[in-house]
Amino acid sequence: MNVIAAPLTAYLDEQLGIEFKTQDNTDLRPTQRIDTLMWNQTTESIQQVPTRWGIQPTWATKLLINAQVETAAVKPTFKRAFTQSRCVIPVSGYYEWRTEEGRKVKYLFESRDNSPLFMGGLVFHGPQHPELVSLTIAPNETCAAYHHRMPFFVLVDAMNYWFTSAVEQLGPLLQPLPDAAIQVSQAE
């Protein structure tokens, strides 16, 4: 993931009225801190929640960082969080790697209009701090050229619906971003 703080915090404050503080991290990786947004039922508002990326269930041999949004509502590991602890992760972009001529090449995926992207995720209340799993979905045509999955993004206009709707009502949101919404460039 790619997080550039200034445009994210400005957008969230100016466009959504959400106070959001984060730090630049242009190569955010599993186990690192990720600032998320979640619905606070008590105040009926969106609040910032710092998390760590990845969960380690007792049965897992490695850290789980992603879940498929299409099946998260029914998988035992993710079902409760999908029902009770959905979040969005404000990001400036994300990376994928593709093998080209025998070497891995890194690509940056960003919003075509340079606005923030809001990646869907699930928050788990771990023993030391909240933990995060990001959600993936079958890719749009543009992203399919780079990877067989892509992050699931919540459109800004659908954010409250994502937070407050019953699981059974989320079907219309579970779509990849349109091809025209994403621009891809080779990263350094």
# chains A, B, ... in the order shown; residues from 1 in each chain; ligands from 1
call {"tool": "residues_around", "arguments": {"residues": "Leu37 in chain A", "least_positions_apart": "2", "cutoff": "9 Å", "atoms": "only C-alpha atoms", "output": "ChimeraX atom specification"}}
result
/A:20,35,39,46-50,86-90
call {"tool": "write_last_selection", "arguments": {"atoms": "N, CA and C atoms", "output": "PDB file, in the first residue's frame"}}
result
ATOM      1  N   PHE A  20      -8.405  13.163  10.426  1.00  0.00           N
ATOM      2  CA  PHE A  20      -7.621  11.955  10.183  1.00  0.00           C
ATOM      3  C   PHE A  20      -6.152  12.339  10.193  1.00  0.00           C
ATOM      4  N   ASP A  35      -3.639   3.103   9.493  1.00  0.00           N
ATOM      5  CA  ASP A  35      -4.755   3.858  10.050  1.00  0.00           C
ATOM      6  C   ASP A  35      -5.998   3.587   9.220  1.00  0.00           C
ATOM      7  N   TRP A  39     -16.935   2.728  11.730  1.00  0.00           N
ATOM      8  CA  TRP A  39     -18.162   3.315  12.247  1.00  0.00           C
ATOM      9  C   TRP A  39     -18.208   3.128  13.763  1.00  0.00           C
ATOM     10  N   ILE A  46     -18.004   8.318  11.949  1.00  0.00           N
ATOM     11  CA  ILE A  46     -16.800   7.618  11.501  1.00  0.00           C
ATOM     12  C   ILE A  46     -15.635   8.080  12.368  1.00  0.00           C
ATOM     13  N   GLN A  47     -14.821   7.108  12.810  1.00  0.00           N
ATOM     14  CA  GLN A  47     -13.659   7.454  13.623  1.00  0.00           C
ATOM     15  C   GLN A  47     -12.420   6.747  13.096  1.00  0.00           C
ATOM     16  N   GLN A  48     -11.279   7.315  13.393  1.00  0.00           N
ATOM     17  CA  GLN A  48     -10.001   6.719  13.023  1.00  0.00           C
ATOM     18  C   GLN A  48      -9.637   5.634  14.032  1.00  0.00           C
ATOM     19  N   VAL A  49      -9.153   4.494  13.512  1.00  0.00           N
ATOM     20  CA  VAL A  49      -8.708   3.393  14.365  1.00  0.00           C
ATOM     21  C   VAL A  49      -7.346   2.922  13.836  1.00  0.00           C
ATOM     22  N   PRO A  50      -6.287   3.048  14.642  1.00  0.00           N
ATOM     23  CA  PRO A  50      -4.988   2.509  14.226  1.00  0.00           C
ATOM     24  C   PRO A  50      -4.983   0.992  14.364  1.00  0.00           C
ATOM     25  N   ARG A  86     -16.363  -3.927   9.948  1.00  0.00           N
ATOM     26  CA  ARG A  86     -15.878  -3.514   8.629  1.00  0.00           C
ATOM     27  C   ARG A  86     -15.207  -2.143   8.748  1.00  0.00           C
ATOM     28  N   CYS A  87     -14.188  -1.933   7.942  1.00  0.00           N
ATOM     29  CA  CYS A  87     -13.490  -0.654   7.956  1.00  0.00           C
ATOM     30  C   CYS A  87     -13.138  -0.260   6.525  1.00  0.00           C
ATOM     31  N   VAL A  88     -12.606   0.923   6.382  1.00  0.00           N
ATOM     32  CA  VAL A  88     -11.953   1.327   5.137  1.00  0.00           C
ATOM     33  C   VAL A  88     -10.564   1.819   5.486  1.00  0.00           C
ATOM     34  N   ILE A  89      -9.661   1.612   4.558  1.00  0.00           N
ATOM     35  CA  ILE A  89      -8.274   2.018   4.702  1.00  0.00           C
ATOM     36  C   ILE A  89      -8.014   3.104   3.656  1.00  0.00           C
ATOM     37  N   PRO A  90      -7.864   4.353   4.078  1.00  0.00           N
ATOM     38  CA  PRO A  90      -7.556   5.412   3.104  1.00  0.00           C
ATOM     39  C   PRO A  90      -6.123   5.246   2.594  1.00  0.00           C
TER      40      PRO A  90
END
call {"tool": "residues_around", "arguments": {"residues": "Phe163 in chain A", "least_positions_apart": "4", "cutoff": "12 Å", "atoms": "only C-alpha atoms", "output": "MDAnalysis selection string"}}
result
chainID A and resid 37:41 44:47 81:88 120:122 154:159 167 169:170 173
call {"tool": "select_by_dssp", "arguments": {"residues": "chain A", "states": "strand (DSSP E)", "output": "ChimeraX atom specification"}}
result
/A:33-40,45-53,66-68,86-91,93-100,103-111,117-125,130-137,150-151,182-186
call {"tool": "select_by_dssp", "arguments": {"residues": "range 22-180 of chain A", "states": "helix (DSSP H, G or I)", "output": "list in words"}}
result
Lys79, Arg80, Ala81, Phe82, Thr83, Gln84, Glu141, Thr142, Cys143, Ala144, Val156, Asp157, Ala158, Met159, Asn160, Tyr161, Trp162, Phe163, Thr164, Val167, Glu168, Gln169, Gly171, Pro172, Leu173, Asp179 and Ala180 of chain A
call {"tool": "residues_around", "arguments": {"residues": "Val133 in chain A", "least_positions_apart": "4", "cutoff": "8 Å", "atoms": "only C-alpha atoms", "output": "PyMOL selection string"}}
result
chain A and resi 53-55+64-67+121-123
call {"tool": "residues_around", "arguments": {"residues": "range 99-106 of chain A", "least_positions_apart": "5", "cutoff": "9 Å", "atoms": "only C-alpha atoms", "output": "list of chain:residue names"}}
result
A:Tyr146, A:Ser185, A:Gln186, A:Ala187, A:Glu188
call {"tool": "write_last_selection", "arguments": {"atoms": "N, CA and C atoms", "output": "PDB file, in the first residue's frame"}}
result
ATOM      1  N   TYR A 146      -2.222  -7.644 -14.307  1.00  0.00           N
ATOM      2  CA  TYR A 146      -1.126  -7.632 -13.338  1.00  0.00           C
ATOM      3  C   TYR A 146      -1.280  -8.664 -12.225  1.00  0.00           C
ATOM      4  N   SER A 185       1.155   2.797 -13.262  1.00  0.00           N
ATOM      5  CA  SER A 185       2.470   3.248 -13.736  1.00  0.00           C
ATOM      6  C   SER A 185       3.534   2.374 -13.108  1.00  0.00           C
ATOM      7  N   GLN A 186       4.649   2.236 -13.782  1.00  0.00           N
ATOM      8  CA  GLN A 186       5.754   1.452 -13.221  1.00  0.00           C
ATOM      9  C   GLN A 186       6.319   2.217 -12.040  1.00  0.00           C
ATOM     10  N   ALA A 187       6.497   1.509 -10.928  1.00  0.00           N
ATOM     11  CA  ALA A 187       7.018   2.136  -9.710  1.00  0.00           C
ATOM     12  C   ALA A 187       8.540   1.989  -9.675  1.00  0.00           C
ATOM     13  N   GLU A 188       9.136   2.797  -8.835  1.00  0.00           N
ATOM     14  CA  GLU A 188      10.596   2.746  -8.688  1.00  0.00           C
ATOM     15  C   GLU A 188      10.996   1.634  -7.759  1.00  0.00           C
TER      16      GLU A 188
END
call {"tool": "residues_around", "arguments": {"residues": "Gly93 in chain A", "least_positions_apart": "3", "cutoff": "8 Å", "atoms": "only C-alpha atoms", "output": "PyMOL selection string"}}
result
chain A and resi 1-3+108-111+116-117
call {"tool": "closest_residue", "arguments": {"among": "A:Thr51, A:Thr77, A:Thr71, A:Asn140", "to": "His125 in chain A", "atoms": "only C-alpha atoms"}}
result
A:Thr51
call {"tool": "closest_residue", "arguments": {"among": "A:Thr42, A:Arg98, A:Pro178, A:Thr31", "to": "Thr142 in chain A", "atoms": "only C-alpha atoms"}}
result
A:Pro178
call {"tool": "residues_around", "arguments": {"residues": "Phe152 in chain A", "least_positions_apart": "4", "cutoff": "7 Å", "atoms": "only C-alpha atoms", "output": "list in words"}}
result
Met119, Gly120, Leu135, Thr136, Ile137 and Pro176 of chain A
call {"tool": "write_last_selection", "arguments": {"atoms": "C-alpha atoms", "output": "short mmCIF file (atom, residue, chain, number, x, y, z; two decimals), in the first residue's frame"}}
result
data_model
loop_
_atom_site.label_atom_id
_atom_site.label_comp_id
_atom_site.auth_asym_id
_atom_site.auth_seq_id
_atom_site.Cartn_x
_atom_site.Cartn_y
_atom_site.Cartn_z
CA MET A 119 -9.79 -0.08 0.55
CA GLY A 120 -12.26 -2.32 2.36
CA LEU A 135 -10.34 -7.37 1.37
CA THR A 136 -9.76 -8.43 -2.22
CA ILE A 137 -12.08 -9.00 -5.16
CA PRO A 176 -14.34 -4.03 -8.56
#
call {"tool": "residues_around", "arguments": {"residues": "range 143-145 of chain A", "least_positions_apart": "4", "cutoff": "9 Å", "atoms": "only C-alpha atoms", "output": "PyMOL selection string"}}
result
chain A and resi 98+109+138-139+149-150+179+182+184
call {"tool": "atom_distance", "arguments": {"atom1": "CA of Asn25 in chain A", "atom2": "CA of Pro130 in chain A"}}
result
19.1 Å
